[in-house]
Every structure is written in C-alpha cells, then in structure tokens.
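Raw contents of upload20.cif, mmCIF, C-alpha atoms and all ligand atoms:
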```cif
data_target
loop_
_atom_site.group_PDB
_atom_site.id
_atom_site.type_symbol
_atom_site.label_atom_id
_atom_site.label_comp_id
_atom_site.auth_asym_id
_atom_site.auth_seq_id
_atom_site.Cartn_x
_atom_site.Cartn_y
_atom_site.Cartn_z
ATOM 1 C CA MET U 1 40.591 100.341 79.129
ATOM 2 C CA SER U 2 37.471 100.956 77.081
ATOM 3 C CA GLY U 3 34.395 98.806 77.523
ATOM 4 C CA SER U 4 33.524 96.590 74.586
ATOM 5 C CA LEU U 5 30.198 96.550 72.791
ATOM 6 C CA LYS U 6 30.711 92.957 71.702
ATOM 7 C CA ASP U 7 27.587 90.913 72.460
ATOM 8 C CA ARG U 8 25.996 93.842 74.291
ATOM 9 C CA THR U 9 22.481 95.071 73.576
ATOM 10 C CA VAL U 10 22.174 98.695 72.496
ATOM 11 C CA LEU U 11 18.844 100.493 72.166
ATOM 12 C CA VAL U 12 18.824 103.435 69.758
ATOM 13 C CA VAL U 13 15.666 105.584 69.761
ATOM 14 C CA GLY U 14 14.989 107.750 66.725
ATOM 15 C CA ARG U 15 14.442 107.402 63.017
ATOM 16 C CA GLY U 16 16.091 105.075 60.495
ATOM 17 C CA SER U 17 18.324 107.764 59.015
ATOM 18 C CA GLY U 18 20.515 110.653 60.182
ATOM 19 C CA ILE U 19 22.447 110.387 63.425
ATOM 20 C CA ALA U 20 20.335 107.491 64.771
ATOM 21 C CA ARG U 21 21.285 105.371 61.770
ATOM 22 C CA ALA U 22 24.985 106.211 62.053
ATOM 23 C CA VAL U 23 24.916 105.261 65.774
ATOM 24 C CA THR U 24 22.988 102.046 65.063
ATOM 25 C CA LEU U 25 25.410 100.849 62.379
ATOM 26 C CA ALA U 26 28.517 101.895 64.332
ATOM 27 C CA ALA U 27 27.322 100.023 67.448
ATOM 28 C CA ARG U 28 26.438 96.980 65.349
ATOM 29 C CA ASP U 29 29.839 97.093 63.626
ATOM 30 C CA ALA U 30 31.445 97.216 67.093
ATOM 31 C CA GLY U 31 29.774 93.884 67.899
ATOM 32 C CA ALA U 32 26.525 94.954 69.568
ATOM 33 C CA SER U 33 23.082 93.651 68.923
ATOM 34 C CA VAL U 34 21.056 96.804 68.230
ATOM 35 C CA VAL U 35 17.360 97.500 68.721
ATOM 36 C CA ALA U 36 16.311 100.556 66.708
ATOM 37 C CA ALA U 37 13.062 101.844 68.171
ATOM 38 C CA GLY U 38 10.820 104.695 67.132
ATOM 39 C CA ARG U 39 7.303 105.747 66.346
ATOM 40 C CA ASN U 40 7.476 104.244 62.859
ATOM 41 C CA ARG U 41 8.396 100.583 63.295
ATOM 42 C CA ALA U 42 7.584 99.699 59.691
ATOM 43 C CA GLY U 43 9.863 102.469 58.482
ATOM 44 C CA LEU U 44 12.653 101.216 60.730
ATOM 45 C CA GLU U 45 12.158 97.648 59.490
ATOM 46 C CA THR U 46 12.545 98.887 55.922
ATOM 47 C CA ALA U 47 15.529 101.080 56.789
ATOM 48 C CA TYR U 48 17.421 98.172 58.377
ATOM 49 C CA ARG U 49 16.108 95.364 56.145
ATOM 50 C CA ASP U 50 19.591 94.639 54.787
ATOM 51 C CA GLU U 51 21.441 95.171 58.069
ATOM 52 C CA PRO U 52 22.056 92.039 60.146
ATOM 53 C CA GLY U 53 22.254 92.586 63.888
ATOM 54 C CA VAL U 54 19.646 95.361 63.872
ATOM 55 C CA ALA U 55 16.047 94.732 64.997
ATOM 56 C CA ALA U 56 13.213 97.255 64.828
ATOM 57 C CA ASP U 57 10.837 98.022 67.681
ATOM 58 C CA THR U 58 8.248 100.613 68.658
ATOM 59 C CA VAL U 59 8.400 103.463 71.135
ATOM 60 C CA ASP U 60 6.851 106.902 71.434
ATOM 61 C CA LEU U 61 8.835 108.953 73.935
ATOM 62 C CA THR U 62 5.820 111.146 74.691
ATOM 63 C CA ASP U 63 3.933 108.080 75.936
ATOM 64 C CA GLU U 64 5.186 106.590 79.232
ATOM 65 C CA ARG U 65 3.271 103.326 78.780
ATOM 66 C CA SER U 66 4.894 102.841 75.376
ATOM 67 C CA ILE U 67 8.322 103.215 77.029
ATOM 68 C CA GLU U 68 7.355 100.780 79.791
ATOM 69 C CA GLN U 69 6.146 98.245 77.216
ATOM 70 C CA LEU U 70 9.383 98.552 75.234
ATOM 71 C CA GLY U 71 11.260 97.775 78.458
ATOM 72 C CA GLU U 72 9.097 94.703 79.038
ATOM 73 C CA ARG U 73 9.816 93.462 75.505
ATOM 74 C CA LEU U 74 13.569 94.106 75.828
ATOM 75 C CA GLY U 75 13.880 92.423 79.230
ATOM 76 C CA THR U 76 17.422 93.663 79.732
ATOM 77 C CA VAL U 77 19.528 96.222 77.889
ATOM 78 C CA ASP U 78 23.148 97.375 78.239
ATOM 79 C CA HIS U 79 23.260 100.787 76.571
ATOM 80 C CA VAL U 80 20.488 103.239 75.729
ATOM 81 C CA VAL U 81 20.774 106.102 73.241
ATOM 82 C CA SER U 82 17.991 108.600 72.595
ATOM 83 C CA THR U 83 18.289 110.773 69.480
ATOM 84 C CA ALA U 84 14.589 111.686 69.369
ATOM 85 C CA SER U 85 13.805 115.327 68.802
ATOM 86 C CA ALA U 86 10.874 117.584 67.927
ATOM 87 C CA ARG U 87 12.121 121.100 67.275
ATOM 88 C CA ALA U 88 10.243 124.308 68.016
ATOM 89 C CA ARG U 89 12.115 126.805 65.839
ATOM 90 C CA GLY U 90 11.226 130.478 65.521
ATOM 91 C CA ARG U 91 11.350 133.853 67.225
ATOM 92 C CA LEU U 92 9.441 134.396 70.459
ATOM 93 C CA ALA U 93 6.344 135.822 68.787
ATOM 94 C CA GLU U 94 6.111 132.778 66.517
ATOM 95 C CA LEU U 95 6.472 130.122 69.208
ATOM 96 C CA ASP U 96 3.490 127.861 69.636
ATOM 97 C CA ARG U 97 2.852 126.467 73.114
ATOM 98 C CA ASP U 98 2.157 122.936 71.892
ATOM 99 C CA GLU U 99 5.335 122.872 69.804
ATOM 100 C CA VAL U 100 7.454 124.062 72.729
ATOM 101 C CA ARG U 101 5.788 121.467 74.931
ATOM 102 C CA SER U 102 6.434 118.779 72.321
ATOM 103 C CA SER U 103 10.102 119.782 72.150
ATOM 104 C CA PHE U 104 10.523 119.279 75.912
ATOM 105 C CA ASP U 105 8.352 116.185 75.933
ATOM 106 C CA THR U 106 10.459 114.478 73.266
ATOM 107 C CA LYS U 107 13.969 115.509 74.252
ATOM 108 C CA VAL U 108 13.773 115.931 78.040
ATOM 109 C CA ILE U 109 10.767 114.194 79.622
ATOM 110 C CA GLY U 110 10.940 111.268 77.171
ATOM 111 C CA PRO U 111 14.596 110.456 77.942
ATOM 112 C CA LEU U 112 13.817 110.910 81.665
ATOM 113 C CA MET U 113 11.065 108.288 81.332
ATOM 114 C CA LEU U 114 13.372 106.046 79.304
ATOM 115 C CA ALA U 115 15.843 106.201 82.192
ATOM 116 C CA LYS U 116 13.070 105.536 84.725
ATOM 117 C CA HIS U 117 11.908 102.374 82.968
ATOM 118 C CA LEU U 118 15.153 101.057 81.470
ATOM 119 C CA ALA U 119 17.776 101.746 84.141
ATOM 120 C CA PRO U 120 16.292 98.973 86.343
ATOM 121 C CA ARG U 121 16.909 96.638 83.388
ATOM 122 C CA MET U 122 20.586 97.628 82.992
ATOM 123 C CA GLY U 123 23.742 96.380 84.682
ATOM 124 C CA ASP U 124 26.071 98.624 86.666
ATOM 125 C CA ASP U 125 28.319 98.922 83.602
ATOM 126 C CA GLY U 126 25.515 100.224 81.386
ATOM 127 C CA SER U 127 25.184 103.686 79.933
ATOM 128 C CA ILE U 128 22.561 106.134 78.765
ATOM 129 C CA THR U 129 23.382 108.726 76.117
ATOM 130 C CA ILE U 130 20.911 111.485 75.367
ATOM 131 C CA PHE U 131 21.031 114.330 72.859
ATOM 132 C CA SER U 132 21.477 118.029 73.469
ATOM 133 C CA GLY U 133 22.596 120.383 70.682
ATOM 134 C CA VAL U 134 24.712 123.404 69.846
ATOM 135 C CA ALA U 135 21.774 125.824 70.205
ATOM 136 C CA ALA U 136 22.216 125.638 74.016
ATOM 137 C CA ALA U 137 25.865 126.704 73.757
ATOM 138 C CA LYS U 138 25.456 129.311 71.002
ATOM 139 C CA LEU U 139 22.381 131.375 71.753
ATOM 140 C CA ALA U 140 20.661 133.065 68.811
ATOM 141 C CA VAL U 141 17.384 134.824 68.188
ATOM 142 C CA GLY U 142 15.108 132.290 66.505
ATOM 143 C CA THR U 143 16.355 129.202 68.321
ATOM 144 C CA MET U 144 15.332 129.976 71.910
ATOM 145 C CA ALA U 145 13.015 126.990 72.369
ATOM 146 C CA VAL U 146 15.624 124.644 70.885
ATOM 147 C CA ALA U 147 18.235 126.150 73.215
ATOM 148 C CA ILE U 148 16.223 125.784 76.402
ATOM 149 C CA THR U 149 15.272 122.225 75.479
ATOM 150 C CA ASN U 150 18.923 121.331 74.892
ATOM 151 C CA GLY U 151 19.971 123.114 78.085
ATOM 152 C CA ALA U 152 17.470 121.011 80.020
ATOM 153 C CA ALA U 153 18.828 117.873 78.338
ATOM 154 C CA ASP U 154 22.350 118.803 79.509
ATOM 155 C CA VAL U 155 21.131 119.148 83.109
ATOM 156 C CA LEU U 156 19.097 115.948 82.797
ATOM 157 C CA ALA U 157 22.231 114.004 81.824
ATOM 158 C CA ARG U 158 24.095 115.306 84.873
ATOM 159 C CA SER U 159 21.151 114.677 87.187
ATOM 160 C CA LEU U 160 20.655 111.126 85.930
ATOM 161 C CA ALA U 161 24.388 110.422 86.216
ATOM 162 C CA LEU U 162 24.170 111.314 89.903
ATOM 163 C CA GLU U 163 21.017 109.365 90.670
ATOM 164 C CA LEU U 164 21.645 106.263 88.538
ATOM 165 C CA ALA U 165 25.339 105.814 89.380
ATOM 166 C CA PRO U 166 27.256 103.699 88.613
ATOM 167 C CA ILE U 167 25.267 103.565 85.369
ATOM 168 C CA ARG U 168 26.878 106.330 83.315
ATOM 169 C CA VAL U 169 24.808 109.049 81.687
ATOM 170 C CA ASN U 170 26.087 111.607 79.192
ATOM 171 C CA ALA U 171 24.751 113.993 76.592
ATOM 172 C CA ILE U 172 26.010 114.629 73.076
ATOM 173 C CA SER U 173 25.755 118.138 71.683
ATOM 174 C CA PRO U 174 26.133 118.120 67.900
ATOM 175 C CA GLY U 175 26.764 121.175 65.780
ATOM 176 C CA VAL U 176 25.084 121.533 62.422
ATOM 177 C CA VAL U 177 24.911 118.185 60.595
ATOM 178 C CA ASP U 178 23.120 117.544 57.308
ATOM 179 C CA THR U 179 20.814 114.723 58.389
ATOM 180 C CA GLY U 180 17.602 115.828 56.750
ATOM 181 C CA ALA U 181 16.737 117.841 59.869
ATOM 182 C CA TRP U 182 17.221 121.047 57.878
ATOM 183 C CA ASP U 183 15.273 119.986 54.765
ATOM 184 C CA GLU U 184 12.192 121.986 55.792
ATOM 185 C CA PHE U 185 14.145 125.150 54.875
ATOM 186 C CA GLY U 186 14.338 124.135 51.201
ATOM 187 C CA ASP U 187 17.535 123.485 49.226
ATOM 188 C CA GLN U 188 18.551 127.096 48.668
ATOM 189 C CA THR U 189 18.104 128.351 52.249
ATOM 190 C CA LYS U 190 19.635 125.177 53.667
ATOM 191 C CA SER U 191 22.682 125.460 51.447
ATOM 192 C CA ALA U 192 23.138 129.167 52.309
ATOM 193 C CA TYR U 193 22.865 128.320 56.026
ATOM 194 C CA PHE U 194 25.432 125.528 55.764
ATOM 195 C CA ASP U 195 27.783 127.884 53.869
ATOM 196 C CA MET U 196 27.382 130.543 56.547
ATOM 197 C CA ILE U 197 28.103 128.070 59.385
ATOM 198 C CA SER U 198 31.068 126.596 57.472
ATOM 199 C CA SER U 199 32.593 129.990 56.806
ATOM 200 C CA ARG U 200 32.589 131.050 60.442
ATOM 201 C CA ASN U 201 33.132 127.958 62.590
ATOM 202 C CA PRO U 202 36.695 126.853 63.394
ATOM 203 C CA ALA U 203 36.203 123.476 61.657
ATOM 204 C CA ARG U 204 35.247 125.386 58.456
ATOM 205 C CA ARG U 205 32.569 122.873 57.540
ATOM 206 C CA ILE U 206 29.412 121.271 58.876
ATOM 207 C CA GLY U 207 29.602 117.899 60.623
ATOM 208 C CA THR U 208 28.696 114.392 59.551
ATOM 209 C CA ALA U 209 26.431 111.871 61.238
ATOM 210 C CA THR U 210 29.396 109.481 61.463
ATOM 211 C CA GLU U 211 31.394 112.010 63.474
ATOM 212 C CA ILE U 212 28.521 112.303 65.949
ATOM 213 C CA ALA U 213 28.171 108.507 66.117
ATOM 214 C CA ASP U 214 31.897 108.257 66.953
ATOM 215 C CA GLY U 215 31.170 110.468 69.979
ATOM 216 C CA VAL U 216 28.247 108.297 71.044
ATOM 217 C CA LEU U 217 30.408 105.170 70.870
ATOM 218 C CA PHE U 218 33.068 106.946 72.928
ATOM 219 C CA ALA U 219 30.416 107.851 75.536
ATOM 220 C CA MET U 220 29.104 104.271 75.628
ATOM 221 C CA THR U 221 32.516 102.664 76.021
ATOM 222 C CA SER U 222 34.439 105.082 78.266
ATOM 223 C CA PRO U 223 34.108 103.704 81.818
ATOM 224 C CA PHE U 224 35.216 106.966 83.515
ATOM 225 C CA LEU U 225 33.016 109.307 81.477
ATOM 226 C CA THR U 226 29.753 110.305 83.122
ATOM 227 C CA GLY U 227 27.632 113.365 83.839
ATOM 228 C CA THR U 228 28.999 115.432 81.008
ATOM 229 C CA THR U 229 28.092 116.823 77.610
ATOM 230 C CA LEU U 230 30.376 116.065 74.683
ATOM 231 C CA HIS U 231 30.341 119.040 72.322
ATOM 232 C CA ILE U 232 30.964 117.794 68.776
ATOM 233 C CA ASP U 233 30.177 121.024 67.011
ATOM 234 C CA GLY U 234 33.156 122.216 64.972
ATOM 235 C CA GLY U 235 33.788 124.893 67.605
ATOM 236 C CA GLU U 236 30.681 126.834 66.598
ATOM 237 C CA PRO U 237 30.019 128.301 70.094
ATOM 238 C CA LEU U 238 33.386 130.102 69.861
ATOM 239 C CA THR U 239 32.195 132.210 66.969
HETATM 240 N N1 LIG R 1 21.104 117.522 62.666
HETATM 241 C C1 LIG R 1 21.630 118.553 63.320
HETATM 242 O O1 LIG R 1 22.179 119.510 62.729
HETATM 243 C C2 LIG R 1 21.566 118.596 64.838
HETATM 244 C C3 LIG R 1 22.108 119.712 65.500
HETATM 245 C C4 LIG R 1 22.024 119.769 66.889
HETATM 246 C C5 LIG R 1 21.418 118.724 67.594
HETATM 247 N N2 LIG R 1 20.920 117.652 66.904
HETATM 248 C C6 LIG R 1 20.261 116.589 67.685
HETATM 249 O O2 LIG R 1 20.793 115.317 67.330
HETATM 250 C C7 LIG R 1 19.750 114.340 67.424
HETATM 251 C C8 LIG R 1 19.641 113.568 66.113
HETATM 252 O O3 LIG R 1 19.473 114.528 65.083
HETATM 253 P P1 LIG R 1 19.047 114.126 63.597
HETATM 254 O O4 LIG R 1 19.199 115.375 62.812
HETATM 255 O O5 LIG R 1 19.759 112.885 63.155
HETATM 256 O O6 LIG R 1 17.550 113.678 63.745
HETATM 257 P P2 LIG R 1 16.215 114.554 63.820
HETATM 258 O O7 LIG R 1 15.896 115.129 62.508
HETATM 259 O O8 LIG R 1 16.287 115.498 64.969
HETATM 260 O O9 LIG R 1 15.181 113.399 64.083
HETATM 261 C C9 LIG R 1 14.792 113.034 65.312
HETATM 262 C C10 LIG R 1 13.740 111.969 65.133
HETATM 263 O O10 LIG R 1 13.166 111.718 66.404
HETATM 264 C C11 LIG R 1 12.006 110.988 66.153
HETATM 265 N N3 LIG R 1 11.000 111.325 67.143
HETATM 266 C C12 LIG R 1 10.325 112.497 67.253
HETATM 267 N N4 LIG R 1 9.427 112.412 68.236
HETATM 268 C C13 LIG R 1 9.549 111.155 68.756
HETATM 269 C C14 LIG R 1 8.893 110.474 69.798
HETATM 270 N N5 LIG R 1 7.891 111.040 70.497
HETATM 271 N N6 LIG R 1 9.261 109.210 70.089
HETATM 272 C C15 LIG R 1 10.252 108.618 69.385
HETATM 273 N N7 LIG R 1 10.914 109.212 68.367
HETATM 274 C C16 LIG R 1 10.556 110.473 68.073
HETATM 275 C C17 LIG R 1 11.497 111.377 64.768
HETATM 276 O O11 LIG R 1 11.469 110.234 63.949
HETATM 277 P P3 LIG R 1 10.045 109.695 63.370
HETATM 278 O O12 LIG R 1 9.461 110.850 62.642
HETATM 279 O O13 LIG R 1 10.454 108.536 62.526
HETATM 280 O O14 LIG R 1 9.239 109.308 64.572
HETATM 281 C C18 LIG R 1 12.555 112.347 64.280
HETATM 282 O O15 LIG R 1 12.814 112.187 62.908
HETATM 283 C C19 LIG R 1 18.461 115.095 67.779
HETATM 284 O O16 LIG R 1 18.229 115.019 69.163
HETATM 285 C C20 LIG R 1 18.778 116.505 67.362
HETATM 286 O O17 LIG R 1 18.040 117.479 68.082
HETATM 287 C C21 LIG R 1 20.973 117.557 65.561
#
```
Spit out the file's structure as structure tokens when you get a sec.
Amino acid sequence: MSGSLKDRTVLVVGRGSGIARAVTLAARDAGASVVAAGRNRAGLETAYRDEPGVAADTVDLTDERSIEQLGERLGTVDHVVSTASARARGRLAELDRDEVRSSFDTKVIGPLMLAKHLAPRMGDDGSITIFSGVAAAKLAVGTMAVAITNGAADVLARSLALELAPIRVNAISPGVVDTGAWDEFGDQTKSAYFDMISSRNPARRIGTATEIADGVLFAMTSPFLTGTTLHIDGGEPLT
C-alpha cells in the first residue's frame, strides 16, 4: 500500500516554477503541507501567493549554515525534495572551474548537507528525493560536467539510502523538459533542440514538469522504493 501525503510536511527546494512548482502543487494537492525553500524567498512568496498549503522559506544549498538554520525553523519534516541545479554546460575547453564546482556544490554536496541536517528531523517513514538528469545516461560532447554531476547524484542517492535506512532515498532523472531551463539558448535554438530530441526519442516528444512531479510523488509514497534512480526521460538514452 502506498504511503499517504495527507497531513505530512514536504520540503521542496528550488525555484517557484518548473519542476519544483509542479512537485509543490502535486504534493499539496495530495494533502501535504509544503514548504518551498530557495535562495529567493520573496520570489517564492510571490509565486505561491494564491496557493494555500504552501509556505515559502529560505535556503542556499551551497551554504551549510543556511541548511542547518532551515532545519531549525522546520523542526520536523517528513519528505525532502531537492530540485536545485546550477548547470555547467559546454565542451571541455569551455568549462570554467568555478562553474563546474558550483554544479557539484548545488546538486551533490548541497543535497548531501540537506540529508545530514534534515534526516535527524525525519521519521523512519520519511523520504529524500534528489535530482539527477538524462545527461548521465546519455553521454554527449558538450554536457560532460552536467553528466558527471548527475552521475554523482545517482551514487549519492544510493549511498544515502544505505546509510539513512529506513529513511528512503531516491533520485529522479528527467529527460528534456521545457521548464525555462533551456531559455538561455534563445527561442530558435531551443525550439530546434526540442524538435531534434522529439524526433529521435521513443516518446517522440519532450516531457512535462507534471510528468516529472508524478515520479517524485511515486518516490515519496512507495514504501519499498529506495536507493534507485527513476528515469523519466522518454527513453532518450536508448537513442
Ligand atoms: N528541465 C530539464 O530539461 C531537466 C533535464 C534533466 C534534469 N533536470 C533537473 O531537474 C531539476 C529541476 O529542473 P528545472 O528545469 O525545473 O529547474 P532548473 O532550471 O534546473 O532550476 C533549478 C533552480 O535551482 C535553484 N538553485 C540554484 N542554486 C541553488 C542553491 N545554491 N540553493 C538553492 N536553490 C538553488 C535556482 O533557483 P533560484 O535561481 O530561484 O535560486 C534554479 O532556478 C534540476 O535538478 C535539473 O538539473 C532538468
């Protein structure tokens, strides 16, 4: 039987849009009280102004004290989801050390510190869900730093699942989803990229934030699911 999110507290780290927003609203709609935390608390307050059951808070995953302080404010928490990400895209010659470091800091060390400070505040039936991504499963020139970050996130989820048991820990690996994460490419390049992915992946389209949120809710509420990565990527690594 699946666990229920009714009257549970769910922390979602990230921004007020994209996948974080879809997870926040899906968890709230499933009966949870959700704390949406990120670097931009005012932005989160605005994003969720009209959404009952969602409170905004502050956390910077590159700052351990900020994570510790969030834990102190929360007191206890049932489920933790980290969607935070800082990508270091580009070919080897273009990679900047600080950007690669920031990628790991945000998506690997940050979630590790979240687990360190929040797991002691969770019950045995709690869960932690972190984010990987398709770049780790479908290697390509130009996305090496994204791939190695996501690969580390996959191993982090398995390692945490072992050490924090019976708290469950899983990773979600989305394929390409139009969340705004690709806007830096400009409309034309972004659209051409989405068309290229859609023409070759088995799903024949890019994903939606809601489809990824469905996977997060499954991870949060499946009592026998731990130490794994759910690949919700339209089958892109097969191509
Ligand atoms: N969209 C896709 O196609 C795709 C594909 C594969 C994997 N993913 C993964 O899925 C997750 C969600 O993706 P998304 O596209 O919805 O969002 P996203 O564009 O990756 O946004 C992640 C957000 O994390 C926040 N963040 C960055 N550094 C932070 C820090 N130090 N502390 C706290 N928050 C921080 C930022 O929000 P603020 O600027 O407001 O701080 C940023 O907008 C990410 O982990 C992403 O890598 C996405």
Checklist line | Atomic separation - atom P3 of ligand LIG 1 (chain R) relative to atom CA of U:His79, Å | finding: 20.7 Å
Item checked: Neighbourhood of ligand LIG 1 (chain R) at 9 Å, counting only C-alpha atoms and all ligand atoms, reported as a PyMOL selection string -> chain U and resi 13-22+37-41+43-44+58-63+82-87+102-103+105-107+110+130-135+146+150+172-182+206-209+212+233
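Distance annotation: of U:Thr189, U:Thr143, U:Thr228, U:Ser159, the residue with the minimal separation from U:Val100 is U:Thr143; atom set is all atoms listed in the file.
Note that the spacing between atom CA of U:Ala56 and atom CA of U:Leu112 amounts to 21.7 Å.
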Checklist line | Counting only C-alpha atoms, the residue of U:Ile167, U:Ile128, U:Ala26, U:Asp57 that sits nearest U:Glu45 | finding: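 Among U:Ile167, U:Ile128, U:Ala26, U:Asp57, it is U:Asp57 that comes nearest to U:Glu45.
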Note to self: Need to verify the contact set: U:Leu238, 10 Å, all atoms listed in the file, exclusion of same-chain residues closer than 2 positions in sequence. Can you return it as a PyMOL selection string?
What the structure shows: chain U and resi 137-138+200-202+234-236
Notebook entry, point to check: How many Å lie between atom CA of U:Val10 and atom CA of U:Gly123, rounded to one decimal?
Noted result: 12.5 Å
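Within a radius of 10 Å around (13.4, 105.9, 81.0), the polymer residues are Leu61, Glu64, Ile67, Glu68, Gly71, Val80, Ser82, Ile109, Gly110, Pro111, Leu112, Met113, Leu114, Ala115, Lys116, His117, Leu118, Ala119, Pro120 and Ile128 of chain U, counting all atoms listed in the file.
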Next item on the list: List the residues selected by the PyMOL selection byres (((chain U and resi 28) around 10) and not hetatm) in the file shown, writing them as number ranges by chain.
Entry: U: 5-10, 22-27, 29-35, 51-54
Could you write out that same residue set with C-alpha atoms as a tab-separated table (two decimals), keeping the file's coordinate frame?
```
chain	number	residue	atom	x	y	z
U	5	LEU	CA	30.20	96.55	72.79
U	6	LYS	CA	30.71	92.96	71.70
U	7	ASP	CA	27.59	90.91	72.46
U	8	ARG	CA	26.00	93.84	74.29
U	9	THR	CA	22.48	95.07	73.58
U	10	VAL	CA	22.17	98.70	72.50
U	22	ALA	CA	24.98	106.21	62.05
U	23	VAL	CA	24.92	105.26	65.77
U	24	THR	CA	22.99	102.05	65.06
U	25	LEU	CA	25.41	100.85	62.38
U	26	ALA	CA	28.52	101.90	64.33
U	27	ALA	CA	27.32	100.02	67.45
U	29	ASP	CA	29.84	97.09	63.63
U	30	ALA	CA	31.44	97.22	67.09
U	31	GLY	CA	29.77	93.88	67.90
U	32	ALA	CA	26.52	94.95	69.57
U	33	SER	CA	23.08	93.65	68.92
U	34	VAL	CA	21.06	96.80	68.23
U	35	VAL	CA	17.36	97.50	68.72
U	51	GLU	CA	21.44	95.17	58.07
U	52	PRO	CA	22.06	92.04	60.15
U	53	GLY	CA	22.25	92.59	63.89
U	54	VAL	CA	19.65	95.36	63.87
```
Note to self: When you look at U:Val155 with a cut-off of 10 Å (counting all atoms listed in the file), what residues show up, excluding the ones that are within fewer than 2 positions of it in the same chain? I need them as an MDAnalysis selection string.
What the structure shows: chainID U and resid 108 132 150:153 157:161 170:171 227:229
Next item on the list: Identify which of the residues U:Ile148, U:Leu70, U:Leu92, U:Val169 lies closest to U:Arg121, counting all atoms listed in the file when measuring atom-to-atom distances.
Entry: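 Result for the nearest residue to U:Arg121: U:Leu70.
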Notebook entry, point to check: Which one of U:Glu211, U:Thr239, U:Leu162, U:Ala88 sits closest to U:Met196 if you count all atoms listed in the file?
Noted result: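 So, comparing all the options, the nearest one is U:Thr239.
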Next item on the list: Kindly indicate which residue among U:Met144, U:Asp187, U:Ala55, U:Thr129 lies nearest to U:Glu94, using all atoms listed in the file for the distances.
Entry: U:Met144
Check: Using all atoms listed in the file, which residue out of U:Leu230, U:Lys190, U:Ala145, U:Thr221 lies closest to U:Ala93?
Finding: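 Nearest candidate to U:Ala93 out of U:Leu230, U:Lys190, U:Ala145, U:Thr221: U:Ala145.
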